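Heads up, upload01.cif below (mmCIF, C-alpha atoms):
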```cif
data_run
loop_
_atom_site.label_atom_id
_atom_site.label_comp_id
_atom_site.auth_asym_id
_atom_site.auth_seq_id
_atom_site.Cartn_x
_atom_site.Cartn_y
_atom_site.Cartn_z
CA MET A 25 -0.45 4.04 -60.52
CA LYS A 26 -0.84 2.93 -56.90
CA ARG A 27 -0.28 5.76 -54.47
CA PRO A 28 2.41 5.07 -51.84
CA GLN A 29 1.25 4.92 -48.27
CA SER A 30 2.25 7.76 -46.00
CA ALA A 31 4.73 6.98 -43.23
CA ALA A 32 2.10 7.65 -40.55
CA ARG A 33 -0.44 5.33 -42.18
CA ALA A 34 2.15 2.61 -42.63
CA ALA A 35 3.11 2.91 -38.95
CA GLU A 36 -0.55 2.73 -37.97
CA LYS A 37 -1.02 -0.41 -40.05
CA ARG A 38 2.00 -2.07 -38.43
CA ALA A 39 0.78 -1.14 -34.95
CA ASN A 40 -2.64 -2.59 -35.69
CA GLY A 41 -1.42 -6.04 -36.60
CA SER A 42 2.32 -6.58 -36.51
CA GLY A 43 4.93 -6.92 -33.84
CA SER A 44 6.95 -9.73 -32.36
CA VAL A 45 7.54 -11.55 -29.09
CA ARG A 46 10.85 -12.63 -27.61
CA LEU A 47 12.01 -14.49 -24.53
CA ARG A 48 14.58 -12.46 -22.61
CA GLY A 49 15.98 -14.50 -19.78
CA LYS A 50 12.85 -15.84 -18.11
CA THR A 51 10.51 -13.04 -19.21
CA TRP A 52 8.61 -12.75 -22.47
CA THR A 53 8.53 -9.35 -24.16
CA ALA A 54 6.51 -7.87 -27.01
CA ARG A 55 7.85 -5.27 -29.44
CA LEU A 56 5.40 -3.06 -31.32
CA SER A 57 5.51 -0.09 -33.66
CA LEU A 58 3.56 2.82 -32.16
CA GLY A 59 3.66 5.42 -34.90
CA ARG A 60 4.77 8.77 -33.43
CA ALA A 61 5.86 6.99 -30.25
CA GLY A 62 8.32 4.84 -32.20
CA ARG A 63 8.97 1.16 -31.57
CA ARG A 64 8.53 0.06 -27.96
CA THR A 65 9.29 -3.14 -26.07
CA PHE A 66 6.84 -4.22 -23.35
CA SER A 67 7.57 -6.73 -20.60
CA LEU A 68 4.98 -9.51 -20.23
CA PRO A 69 5.54 -10.83 -16.68
CA ALA A 70 2.29 -12.82 -16.58
CA CYS A 71 3.01 -14.82 -19.75
CA ARG A 72 4.61 -18.22 -19.34
CA THR A 73 4.54 -19.56 -22.91
CA GLU A 74 5.02 -18.17 -26.42
CA HIS A 75 1.31 -18.74 -27.10
CA GLU A 76 0.36 -16.58 -24.11
CA ALA A 77 2.89 -13.92 -25.13
CA ASN A 78 1.46 -13.74 -28.67
CA ALA A 79 -2.07 -13.49 -27.28
CA ARG A 80 -1.03 -10.54 -25.11
CA ARG A 81 0.83 -8.96 -28.06
CA GLU A 82 -2.42 -9.02 -30.01
CA VAL A 83 -4.21 -7.28 -27.15
CA LEU A 84 -1.51 -4.60 -27.02
CA ALA A 85 -1.61 -4.16 -30.80
CA GLU A 86 -5.38 -3.66 -30.70
CA LEU A 87 -5.12 -1.07 -27.91
CA ALA A 88 -2.19 0.66 -29.62
CA GLY A 89 -4.17 0.91 -32.85
CA ARG A 90 -7.02 2.66 -31.07
CA LEU A 91 -4.64 5.10 -29.38
CA ILE A 92 -2.93 5.90 -32.69
CA ALA A 93 -6.27 6.46 -34.42
CA ALA A 94 -7.31 8.85 -31.63
CA GLY A 95 -3.98 10.70 -31.71
CA GLN A 96 -3.27 9.77 -28.10
CA VAL A 97 -0.54 7.17 -28.48
CA VAL A 98 2.21 9.26 -26.83
CA LEU A 99 0.14 9.82 -23.69
CA GLY A 100 -1.11 6.25 -23.86
CA VAL A 101 2.28 4.48 -23.77
CA PRO A 102 2.27 4.16 -19.93
CA LEU A 103 -1.20 2.62 -20.14
CA LEU A 104 0.07 0.10 -22.69
CA GLU A 105 2.88 -0.80 -20.26
CA GLN A 106 0.27 -1.48 -17.60
CA ALA A 107 -1.84 -3.50 -20.05
CA ALA A 108 1.20 -5.66 -20.77
CA ALA A 109 1.61 -6.55 -17.10
CA ARG A 110 -1.94 -6.76 -15.76
CA GLU A 111 -4.64 -9.41 -15.86
CA GLY A 112 -8.32 -9.82 -14.99
CA ASN A 113 -9.99 -6.80 -13.42
CA ALA A 114 -6.76 -4.83 -13.46
CA LEU A 115 -6.49 -5.24 -17.25
CA ARG A 116 -10.14 -4.26 -17.56
CA ASP A 117 -9.39 -1.02 -15.71
CA VAL A 118 -6.60 -0.22 -18.16
CA ARG A 119 -8.96 -0.82 -21.09
CA LEU A 120 -11.45 1.60 -19.55
CA ALA A 121 -8.74 4.21 -19.07
CA ILE A 122 -7.75 3.85 -22.72
CA ASP A 123 -11.42 4.17 -23.73
CA HIS A 124 -11.68 7.47 -21.84
CA LEU A 125 -8.41 8.72 -23.31
CA CYS A 126 -9.44 7.84 -26.87
CA ARG A 127 -12.80 9.59 -26.45
CA GLY A 128 -11.13 12.70 -25.09
CA GLU A 129 -12.96 12.34 -21.77
CA ALA A 130 -9.76 12.19 -19.76
CA ARG A 131 -6.11 12.96 -20.16
CA ALA A 132 -3.40 10.70 -18.89
CA ARG A 133 -0.73 12.14 -16.64
CA ALA A 134 2.51 12.96 -18.35
CA THR A 135 3.86 9.84 -16.66
CA GLY A 136 0.62 7.84 -16.62
CA GLU A 137 1.62 6.46 -13.22
CA THR A 138 -0.45 5.78 -10.11
CA THR A 139 0.95 7.55 -7.07
CA PHE A 140 1.39 6.08 -3.60
CA ALA A 141 -1.37 8.34 -2.20
CA GLU A 142 -3.84 7.36 -4.92
CA PHE A 143 -3.30 3.66 -4.44
CA ALA A 144 -3.38 4.01 -0.63
CA GLU A 145 -6.83 5.58 -0.92
CA ARG A 146 -7.99 2.65 -3.07
CA VAL A 147 -6.88 0.34 -0.27
CA LEU A 148 -8.37 2.37 2.60
CA SER A 149 -11.66 3.11 0.86
CA GLY A 150 -12.34 -0.60 0.32
CA GLU A 151 -12.22 -0.29 -3.47
CA LEU A 152 -9.37 -2.79 -3.72
CA ALA A 153 -11.21 -5.27 -1.47
CA GLU A 154 -14.25 -5.07 -3.75
CA GLN A 155 -12.08 -5.58 -6.80
CA TYR A 156 -10.11 -8.51 -5.35
CA PRO A 157 -12.33 -10.10 -2.66
CA ASP A 158 -10.33 -13.35 -2.67
CA HIS A 159 -7.05 -11.62 -1.85
CA VAL A 160 -7.84 -8.37 -0.01
CA LYS A 161 -9.87 -7.88 3.15
CA ALA A 162 -11.72 -4.63 3.80
CA ILE A 163 -10.12 -2.45 6.48
CA GLN A 164 -12.42 -2.00 9.47
CA SER A 165 -10.66 1.01 11.02
CA ALA A 166 -9.65 3.03 7.95
CA ASP A 167 -9.59 6.30 9.92
CA ASN A 168 -6.85 4.95 12.18
CA TYR A 169 -4.83 3.96 9.12
CA ARG A 170 -5.31 7.40 7.59
CA THR A 171 -4.16 9.08 10.80
CA ARG A 172 -0.94 7.05 10.79
CA LEU A 173 -0.34 7.51 7.08
CA ALA A 174 -0.76 11.28 7.47
CA HIS A 175 2.73 11.34 9.01
CA VAL A 176 4.32 10.21 5.73
CA LEU A 177 1.93 11.20 2.93
CA ASP A 178 3.57 14.60 2.35
CA VAL A 179 6.76 12.71 1.45
CA LEU A 180 5.45 9.49 -0.09
CA GLY A 181 2.07 10.59 -1.47
CA PRO A 182 3.25 12.14 -4.77
CA VAL A 183 5.70 9.32 -5.56
CA PRO A 184 4.59 7.12 -8.51
CA LEU A 185 4.50 3.49 -7.43
CA VAL A 186 6.64 2.38 -10.35
CA ARG A 187 9.36 4.79 -9.18
CA PHE A 188 9.05 4.03 -5.47
CA THR A 189 12.36 2.96 -3.90
CA LEU A 190 13.70 1.92 -0.53
CA ASP A 191 15.26 5.39 -0.21
CA HIS A 192 11.79 6.98 -0.36
CA ALA A 193 10.55 4.83 2.51
CA ASP A 194 13.68 5.32 4.62
CA HIS A 195 13.51 9.09 4.13
CA ALA A 196 9.85 9.21 5.18
CA MET A 197 10.53 7.17 8.31
CA SER A 198 13.49 9.39 9.22
CA LEU A 199 11.18 12.43 9.21
CA LEU A 200 8.66 10.98 11.68
CA PRO A 201 8.18 13.12 14.81
CA GLY A 202 10.51 12.14 17.61
CA HIS A 203 7.70 11.85 20.16
CA LEU A 204 6.11 8.86 18.40
CA GLN A 205 6.36 5.62 20.31
CA PRO A 206 8.26 2.67 18.75
CA GLY A 207 4.98 0.80 18.41
CA THR A 208 3.44 3.66 16.42
CA ARG A 209 6.49 3.86 14.16
CA GLN A 210 6.23 0.13 13.56
CA LYS A 211 2.53 0.40 12.63
CA ILE A 212 3.28 3.20 10.14
CA ALA A 213 5.99 1.08 8.54
CA GLN A 214 3.64 -1.91 8.40
CA ILE A 215 1.02 0.15 6.53
CA ILE A 216 3.59 1.38 3.99
CA HIS A 217 4.81 -2.18 3.46
CA ARG A 218 1.27 -3.53 3.10
CA ILE A 219 0.27 -0.92 0.51
CA LEU A 220 3.32 -1.74 -1.59
CA ALA A 221 2.66 -5.46 -1.20
CA LEU A 222 -0.88 -5.01 -2.54
CA ALA A 223 0.44 -2.88 -5.40
CA THR A 224 2.62 -5.87 -6.27
CA TYR A 225 -0.20 -8.39 -6.00
CA PRO A 226 -3.05 -8.52 -6.73
CA ALA A 227 -2.98 -5.03 -8.31
CA ARG A 228 0.19 -5.82 -10.36
CA ILE A 229 1.11 -2.16 -10.65
CA ILE A 230 4.73 -2.91 -9.70
CA SER A 231 6.68 -6.11 -10.28
CA SER A 232 8.06 -6.45 -6.73
CA ASN A 233 7.93 -4.82 -3.32
CA PRO A 234 10.91 -2.42 -3.02
CA LEU A 235 11.03 -2.88 0.77
CA PRO A 236 13.23 -5.82 1.80
CA ARG A 237 12.48 -8.36 4.50
CA GLY A 238 13.38 -6.94 7.90
CA TRP A 239 12.69 -3.32 6.90
CA ILE A 240 9.81 -2.91 9.35
CA PRO A 241 11.33 -1.73 12.67
CA LYS A 242 10.87 -3.81 15.77
CA ALA A 243 8.85 -2.19 18.54
CA ASP A 244 9.86 -2.31 22.17
CA GLY A 245 6.99 -4.13 23.83
CA GLU A 246 8.16 -3.31 27.33
CA LYS A 247 5.74 -0.51 28.15
CA ALA A 248 5.49 0.60 31.73
CA LYS A 249 3.56 -2.03 33.61
CA GLY A 250 3.08 -1.86 37.35
CA TYR A 251 0.81 -1.89 40.31
CA LEU A 252 0.90 -0.78 43.92
CA TYR A 253 1.94 -3.13 46.67
CA PRO A 254 -0.23 -3.07 49.81
CA ASP A 255 2.23 -0.96 51.81
CA GLU A 256 2.55 1.51 48.92
CA ASP A 257 -1.23 1.76 48.62
CA HIS A 258 -1.44 2.41 52.37
CA ARG A 259 1.10 5.25 52.20
CA LEU A 260 -0.62 6.73 49.15
CA MET A 261 -4.02 6.83 50.83
CA ARG A 262 -2.57 8.53 53.96
CA CYS A 263 -0.49 11.15 52.07
CA LYS A 264 -2.19 14.49 52.70
CA ALA A 265 0.11 16.21 50.22
CA ILE A 266 -1.97 14.56 47.47
CA PRO A 267 -5.43 16.12 47.01
CA LEU A 268 -8.22 13.97 48.43
CA CYS A 269 -10.01 13.69 45.07
CA PHE A 270 -6.90 12.10 43.52
CA ARG A 271 -6.44 9.70 46.44
CA ILE A 272 -10.05 8.57 46.08
CA TYR A 273 -9.52 8.09 42.33
CA TYR A 274 -6.29 6.11 42.80
CA GLY A 275 -7.87 4.02 45.53
CA PHE A 276 -10.84 3.24 43.26
CA LEU A 277 -8.54 2.16 40.41
CA ASP A 278 -6.52 -0.05 42.75
CA ARG A 279 -9.58 -1.85 44.08
CA GLU A 280 -12.22 -1.82 41.36
CA ALA A 281 -10.48 -1.43 37.98
CA CYS A 282 -8.80 -4.16 35.88
CA GLU A 283 -6.90 -6.74 37.86
CA LEU A 284 -3.50 -5.62 36.63
CA MET A 285 -4.04 -2.29 38.39
CA ARG A 286 -4.91 -3.80 41.76
CA PRO A 287 -2.24 -4.06 44.50
CA ALA A 288 -0.32 -7.31 44.78
CA ASP A 289 1.70 -8.81 47.58
CA SER A 290 5.42 -9.65 47.42
CA ASN A 291 4.59 -13.01 45.86
CA GLY A 292 2.72 -11.36 42.98
CA ARG A 293 -0.77 -12.37 44.22
CA ILE A 294 -3.54 -9.91 43.27
CA TRP A 295 -5.37 -8.36 46.22
CA THR A 296 -9.11 -8.00 46.11
CA SER A 297 -11.19 -5.04 47.25
CA THR A 298 -11.63 -6.76 50.61
CA GLY A 299 -7.88 -6.62 51.27
CA GLU A 300 -7.46 -10.41 51.03
CA PRO A 301 -5.19 -12.08 48.42
#
```

Have the structure of the file written as structure tokens, please.
Amino acid sequence: MKRPQSAARAAEKRANGSGSVRLRGKTWTARLSLGRAGRRTFSLPACRTEHEANARREVLAELAGRLIAAGQVVLGVPLLEQAAAREGNALRDVRLAIDHLCRGEARARATGETTFAEFAERVLSGELAEQYPDHVKAIQSADNYRTRLAHVLDVLGPVPLVRFTLDHADHAMSLLPGHLQPGTRQKIAQIIHRILALATYPARIISSNPLPRGWIPKADGEKAKGYLYPDEDHRLMRCKAIPLCFRIYYGFLDREACELMRPADSNGRIWTSTGEP
């Protein structure tokens, strides 16, 4: 008499070769049996046709079978979700992560999700530029970016990208020190927006940028700009209440520094060090 298959072995067999695809709205999905993890539906945002969806389903089934055989399918579900959405080098990275998990060389997070801080470091270190040279340029002044991001990393750093919302970003911006200039606040917001944009594409970690158009604050570009008029320069140089060393310094800046710092006449003409416009 033929022995009946155990439930676990039957589930493993289904996960290794079965499953189905379905078009929901404009997005293809794949549904697979994952043994102890039950039946799961995966979104396939990169697939445009049923043929492409079936090809990706086969990839997911192969990866799921390996995870089930290694007893890591529960921890590996988030990685399968990423494998369903990624392509190219990003899909290769997911395969490597599954390899490590199956060999017991690494353990996935309980959520299996990349945090904002982790992805930001991939951007700032140049790793993302190396991975996607056609779409990402290496950052030349990464230290400046890190200094600005330091203001928000305590709040945003631990947040998984797939759970990142507009409320997270608004809360982080609301906690910025009050002494920061509008231009600095704008640059911090631009960095946050850029990191999330790269997580959307080319990294494909999230499906869309949670920050809407117009979220980046506008900076007041009217910084103090001025120069001394000739009569003001004359009074400054004669004022004995100001220490001589400072008067010499101011006089040097007026006459020898950048042109915007030199005295001008009432018509806005820049005066030279000879006193002639």

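Here, the PyMOL selection byres ((chain A and resi 142) around 10) matches Glu137, Thr138, Thr139, Phe140, Ala141, Phe143, Ala144, Glu145, Arg146, Val147, Gly181, Pro182, Val183, Pro184 and Leu185 of chain A.
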
*Which protein, DNA or RNA residues have an atom at most 9 Å from (2.9, 4.9, -25.6), counting all atoms listed in the file? List them as number ranges by chain.*
A: 58, 60-62, 64, 88, 91, 96-105

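For the structure in this document, the set picked by the PyMOL selection byres ((chain A and resi 209) around 10) is Arg172, His175, Met197, Leu200, Pro201, Gly202, Leu204, Gln205, Pro206, Gly207, Thr208, Gln210, Lys211, Ile212, Ala213, Gln214, Ile240, Pro241, Lys242 and Ala243 of chain A.
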
*Pick out the residues sitting within 12 Å of A:Leu152, and hand them over as a PyMOL selection string; count all atoms listed in the file, and ignore anything fewer than 4 positions along from it in its own chain.*
chain A and resi 113-114+142-148+156-163+219+222-223+225-227

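One finds atom CA of A:Ser198 at 14.5 Å from atom CA of A:Ala174.
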
So which residues touch A:Thr65 within 12 Å, counting all atoms listed in the file, skipping near sequence neighbours fewer than 2 positions away, as a compact mmCIF listing (two decimals) with C-alpha atoms, in the frame of the given file?
```txt
# COMPACT_ATOMS: atom_id res chain seq x y z
CA GLY A 43 4.93 -6.92 -33.84
CA SER A 44 6.95 -9.73 -32.36
CA VAL A 45 7.54 -11.55 -29.09
CA ARG A 46 10.85 -12.63 -27.61
CA LEU A 47 12.01 -14.49 -24.53
CA ARG A 48 14.58 -12.46 -22.61
CA TRP A 52 8.61 -12.75 -22.47
CA THR A 53 8.53 -9.35 -24.16
CA ALA A 54 6.51 -7.87 -27.01
CA ARG A 55 7.85 -5.27 -29.44
CA LEU A 56 5.40 -3.06 -31.32
CA SER A 57 5.51 -0.09 -33.66
CA LEU A 58 3.56 2.82 -32.16
CA ALA A 61 5.86 6.99 -30.25
CA GLY A 62 8.32 4.84 -32.20
CA ARG A 63 8.97 1.16 -31.57
CA SER A 67 7.57 -6.73 -20.60
CA LEU A 68 4.98 -9.51 -20.23
CA ARG A 81 0.83 -8.96 -28.06
CA LEU A 84 -1.51 -4.60 -27.02
CA ALA A 85 -1.61 -4.16 -30.80
CA VAL A 101 2.28 4.48 -23.77
CA PRO A 102 2.27 4.16 -19.93
CA LEU A 104 0.07 0.10 -22.69
CA GLU A 105 2.88 -0.80 -20.26
CA ALA A 108 1.20 -5.66 -20.77
```

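Computed from the coordinates, the atom CA of A:Gly128 to atom CA of A:Ser149 distance equals 27.7 Å.
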